[in-house]
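> Just upload-v5.cif, nothing more (mmCIF, C-alpha atoms):
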data_work
loop_
_atom_site.label_atom_id
_atom_site.label_comp_id
_atom_site.auth_asym_id
_atom_site.auth_seq_id
_atom_site.Cartn_x
_atom_site.Cartn_y
_atom_site.Cartn_z
CA MET A 1 87.34 64.30 165.60
CA LYS A 2 86.07 61.61 163.24
CA LEU A 3 83.48 63.98 161.78
CA TYR A 4 86.22 66.54 161.04
CA HIS A 5 88.32 63.84 159.34
CA LEU A 6 85.35 62.69 157.19
CA ALA A 7 84.59 66.30 156.21
CA ALA A 8 88.21 66.84 155.15
CA ILE A 9 88.12 63.67 153.03
CA ALA A 10 84.82 64.74 151.43
CA ILE A 11 86.15 68.22 150.61
CA THR A 12 89.31 66.73 149.09
CA ALA A 13 87.26 64.30 146.99
CA VAL A 14 84.97 67.07 145.70
CA ALA A 15 87.91 69.38 144.90
CA SER A 16 89.68 66.55 143.10
CA SER A 17 86.63 65.68 141.00
CA LEU A 18 86.10 69.36 140.12
CA SER A 19 89.67 69.79 138.90
CA GLN A 20 89.42 66.61 136.83
CA ALA A 21 86.04 67.64 135.41
CA HIS A 22 87.56 70.80 133.99
CA GLU A 23 89.65 68.96 131.44
CA PHE A 24 88.35 67.89 128.07
CA LYS A 25 89.60 65.38 125.51
CA LEU A 26 89.03 65.15 121.76
CA LYS A 27 90.84 62.21 120.14
CA ASP A 28 94.55 62.83 120.87
CA LEU A 29 93.99 66.41 122.05
CA LYS A 30 93.73 67.45 125.68
CA ILE A 31 92.05 70.79 126.49
CA GLY A 32 92.81 71.99 130.00
CA HIS A 33 91.10 74.45 132.35
CA PRO A 34 89.12 76.75 130.03
CA TYR A 35 88.46 79.97 131.94
CA ALA A 36 87.55 83.60 131.31
CA ARG A 37 88.10 86.73 133.37
CA THR A 38 85.24 88.77 134.78
CA THR A 39 84.19 91.85 132.84
CA ALA A 40 82.70 95.18 133.88
CA PRO A 41 79.13 96.15 133.00
CA TYR A 42 78.91 97.38 129.38
CA GLN A 43 82.42 96.13 128.59
CA PRO A 44 82.14 95.01 124.95
CA SER A 45 84.79 92.29 125.00
CA GLY A 46 86.45 89.78 127.29
CA ALA A 47 89.25 87.25 127.24
CA ALA A 48 89.31 83.49 127.73
CA TYR A 49 92.22 81.12 128.21
CA LEU A 50 92.91 77.37 128.12
CA SER A 51 95.70 74.92 127.41
CA LEU A 52 95.99 72.64 124.39
CA GLU A 53 98.11 69.52 124.30
CA ASN A 54 98.61 67.16 121.36
CA LYS A 55 99.31 63.70 122.80
CA GLY A 56 99.14 62.05 119.36
CA SER A 57 101.71 61.22 116.70
CA SER A 58 100.29 63.52 113.99
CA ALA A 59 99.92 67.28 113.85
CA ASP A 60 96.62 69.12 114.19
CA ARG A 61 95.56 72.77 114.20
CA LEU A 62 92.98 74.82 116.10
CA THR A 63 91.22 76.70 113.30
CA SER A 64 88.27 78.48 114.92
CA ILE A 65 86.36 79.20 118.12
CA SER A 66 82.77 80.25 118.77
CA SER A 67 80.51 80.88 121.76
CA PRO A 68 76.90 81.97 122.22
CA VAL A 69 78.00 84.57 124.83
CA ALA A 70 79.67 86.76 122.18
CA LYS A 71 78.95 87.91 118.64
CA SER A 72 82.37 86.57 117.65
CA ALA A 73 85.32 84.76 119.17
CA GLU A 74 88.82 85.18 117.78
CA ILE A 75 92.21 83.66 118.46
CA HIS A 76 94.69 86.43 119.26
CA THR A 77 98.35 86.62 120.11
CA MET A 78 99.99 89.27 122.24
CA SER A 79 103.62 90.32 122.43
CA MET A 80 105.64 93.19 123.82
CA GLU A 81 107.75 95.19 121.38
CA GLY A 82 109.78 97.55 123.51
CA ASN A 83 107.20 99.16 125.80
CA VAL A 84 104.33 98.63 123.35
CA MET A 85 101.85 95.77 123.67
CA LYS A 86 100.93 94.39 120.24
CA MET A 87 97.86 92.22 119.73
CA ARG A 88 96.72 90.64 116.52
CA GLU A 89 94.26 88.04 115.35
CA VAL A 90 95.75 84.78 114.07
CA ASP A 91 94.08 82.25 111.80
CA GLY A 92 94.86 79.28 114.04
CA ILE A 93 97.27 77.53 116.37
CA ASP A 94 99.49 74.72 115.09
CA LEU A 95 99.74 71.68 117.34
CA PRO A 96 102.57 69.39 116.23
CA PRO A 97 102.92 66.02 118.02
CA ALA A 98 103.80 66.44 121.73
CA ALA A 99 103.11 70.21 121.55
CA LYS A 100 101.57 72.06 124.48
CA VAL A 101 100.21 75.60 124.19
CA GLU A 102 99.15 77.37 127.36
CA MET A 103 97.09 80.53 127.05
CA LYS A 104 97.72 82.94 129.93
CA PRO A 105 96.79 86.55 130.70
CA GLY A 106 99.45 89.04 129.68
CA HIS A 107 101.32 87.12 126.97
CA GLY A 108 101.03 84.64 124.13
CA TYR A 109 97.73 83.36 122.81
CA HIS A 110 94.29 84.19 124.18
CA ILE A 111 90.69 84.06 123.01
CA MET A 112 88.92 87.36 122.45
CA LEU A 113 85.18 87.33 123.03
CA MET A 114 83.89 90.29 121.01
CA GLY A 115 80.40 91.75 121.42
CA LEU A 116 79.52 90.17 124.75
CA GLU A 117 75.81 89.59 125.26
CA LYS A 118 76.15 90.37 129.01
CA PRO A 119 78.97 90.86 131.55
CA LEU A 120 80.98 87.81 132.57
CA LYS A 121 80.55 87.30 136.32
CA ALA A 122 82.67 85.14 138.64
CA GLY A 123 81.20 81.66 138.91
CA ASP A 124 79.32 81.82 135.60
CA LYS A 125 79.91 79.07 133.04
CA PHE A 126 79.43 79.15 129.28
CA PRO A 127 80.07 76.87 126.29
CA LEU A 128 82.93 77.39 123.85
CA THR A 129 83.15 75.41 120.60
CA LEU A 130 86.67 74.61 119.38
CA THR A 131 87.20 73.45 115.80
CA PHE A 132 90.33 71.53 114.89
CA GLU A 133 91.54 70.74 111.37
CA LYS A 134 91.73 66.96 111.93
CA ALA A 135 90.10 66.14 115.26
CA GLY A 136 86.90 68.06 114.43
CA LYS A 137 84.69 70.05 116.82
CA THR A 138 84.22 69.85 120.55
CA ASP A 139 82.39 71.89 123.15
CA VAL A 140 84.11 72.81 126.40
CA THR A 141 82.78 74.61 129.46
CA VAL A 142 84.44 77.90 130.36
CA VAL A 143 84.36 78.98 134.02
CA VAL A 144 84.47 82.72 134.73
CA GLU A 145 87.06 83.60 137.40
CA GLU A 146 88.14 86.80 139.15
CA ALA A 147 91.52 88.09 137.97
CA LYS A 148 94.33 86.92 140.20
CA LYS A 149 96.25 89.62 142.05
CA GLU A 150 99.58 88.70 140.42
CA ALA A 151 98.14 89.24 136.92
CA SER A 152 98.86 92.57 135.26
CA PRO A 153 96.11 95.18 135.63
CA ALA A 154 95.29 94.96 131.93
CA ALA A 155 95.02 91.14 131.88
CA GLY A 156 91.61 90.11 130.67
CA GLN A 157 90.65 93.72 129.98
CA HIS A 158 91.81 93.88 126.35
CA ARG A 159 90.08 96.49 124.24
CA HIS A 160 90.20 96.40 120.45
#
Can you turn what I pasted into structure tokens?

Amino acid sequence: MKLYHLAAIAITAVASSLSQAHEFKLKDLKIGHPYARTTAPYQPSGAAYLSLENKGSSADRLTSISSPVAKSAEIHTMSMEGNVMKMREVDGIDLPPAAKVEMKPGHGYHIMLMGLEKPLKAGDKFPLTLTFEKAGKTDVTVVVEEAKKEASPAAGQHRH
């Protein structure tokens, strides 16, 4: 029984450290859980998501994104107009003090990875460089995850 208890504690400790390790900080900015969805072989683009939180007293702005896994990375927004999904590239994301932006499949902001070098497979990790107007640049690690069942069928499978 003691061995079972020690194993449970060890698993909890590892899970806790993994969840904490997947958060990044740059000055007053917190970048949470960067992840991408898996892609099919020969799929030319993929989507990545993360959260941004400005814990400071002055505004900042995410101005660009890049990654070696794609020829280009763009910040996009998605909205529904009637029954039509509209996606467009934006030139940045404003982060006023105390602002939190959460990128999620199916709505709002997301990162388009255009011209993928190879398919994104569950469990893979890759770097993503975020450039902010005031805080500067930082590299985060993106973890590739399978799409969750509750996500819409098109989530993460954007084609442009």
> Which residue is closest to Tyr49 of chain A? Choose from A:Thr77, A:Asn83, A:Thr63, A:Thr138 and count all atoms listed in the file.
A:Thr77
> Any idea what the distance is between atom CA of Leu116 of chain A and atom CA of Lys71 of chain A?
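Computed distance, atom CA of Leu116 of chain A to atom CA of Lys71 of chain A, equals 6.5 Å.
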> Distance atom CA of Glu117 of chain A-atom CA of Thr39 of chain A, one decimal place?
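For atom CA of Glu117 of chain A relative to atom CA of Thr39 of chain A, the distance reads 11.5 Å.
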> Atom CA of Val143 of chain A and atom CA of Ala59 of chain A are how many Å apart?
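So the two atoms, atom CA of Val143 of chain A and atom CA of Ala59 of chain A, lie 28.0 Å apart.
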> For this structure, which residues satisfy the selection - the PyMOL selection byres ((chain A and resi 141) around 7) - when it is evaluated on the file as given? I want them as a PDB file with C-alpha atoms, keeping the file's coordinate frame.

ATOM      1  CA  PRO A  34      89.120  76.750 130.030  1.00  0.00           C
ATOM      2  CA  LYS A 125      79.910  79.070 133.040  1.00  0.00           C
ATOM      3  CA  PHE A 126      79.430  79.150 129.280  1.00  0.00           C
ATOM      4  CA  PRO A 127      80.070  76.870 126.290  1.00  0.00           C
ATOM      5  CA  LEU A 128      82.930  77.390 123.850  1.00  0.00           C
ATOM      6  CA  ASP A 139      82.390  71.890 123.150  1.00  0.00           C
ATOM      7  CA  VAL A 140      84.110  72.810 126.400  1.00  0.00           C
ATOM      8  CA  VAL A 142      84.440  77.900 130.360  1.00  0.00           C
ATOM      9  CA  VAL A 143      84.360  78.980 134.020  1.00  0.00           C
TER      10      VAL A 143
END
> Could you state which residues are captured by the PyMOL selection byres ((chain A and resi 29) around 8) in this file, as a list of chain:residue names?
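Taken on the displayed file, the PyMOL selection byres ((chain A and resi 29) around 8) yields the residues A:Lys25, A:Leu26, A:Lys27, A:Asp28, A:Lys30, A:Ile31, A:Leu52, A:Glu53, A:Asn54, A:Lys55, A:Gly56, A:Ala135.
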> Mind writing the picked residues with C-alpha atoms as a PDB file, in the coordinates of the input?

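Printed below is out.pdb as written:
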ATOM      1  CA  LYS A  25      89.600  65.380 125.510  1.00  0.00           C
ATOM      2  CA  LEU A  26      89.030  65.150 121.760  1.00  0.00           C
ATOM      3  CA  LYS A  27      90.840  62.210 120.140  1.00  0.00           C
ATOM      4  CA  ASP A  28      94.550  62.830 120.870  1.00  0.00           C
ATOM      5  CA  LYS A  30      93.730  67.450 125.680  1.00  0.00           C
ATOM      6  CA  ILE A  31      92.050  70.790 126.490  1.00  0.00           C
ATOM      7  CA  LEU A  52      95.990  72.640 124.390  1.00  0.00           C
ATOM      8  CA  GLU A  53      98.110  69.520 124.300  1.00  0.00           C
ATOM      9  CA  ASN A  54      98.610  67.160 121.360  1.00  0.00           C
ATOM     10  CA  LYS A  55      99.310  63.700 122.800  1.00  0.00           C
ATOM     11  CA  GLY A  56      99.140  62.050 119.360  1.00  0.00           C
ATOM     12  CA  ALA A 135      90.100  66.140 115.260  1.00  0.00           C
TER      13      ALA A 135
END
> So which residues get picked by the PyMOL selection byres ((chain A and resi 98-105) around 10) here, written as JSON, numbers by chain?
{"A": [28, 29, 30, 31, 32, 33, 34, 35, 36, 37, 47, 48, 49, 50, 51, 52, 53, 54, 55, 56, 57, 58, 59, 60, 77, 78, 93, 94, 95, 96, 97, 106, 107, 108, 109, 110, 111, 147, 148, 151, 152, 153, 154, 155, 156, 157, 158]}
> Neighbouring residues of Ala70 of chain A were defined as those with any atom within 10 Å, considering all atoms listed in the file; residues of the same chain fewer than 3 positions away were excluded. Please report them as a list of chain:residue names.
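Counting only the stated atoms, we get A:Pro44, A:Ser45, A:Gly46, A:Ser66, A:Ser67, A:Ala73, A:Met112, A:Leu113, A:Met114, A:Gly115, A:Leu116, A:Glu117, A:Lys118.
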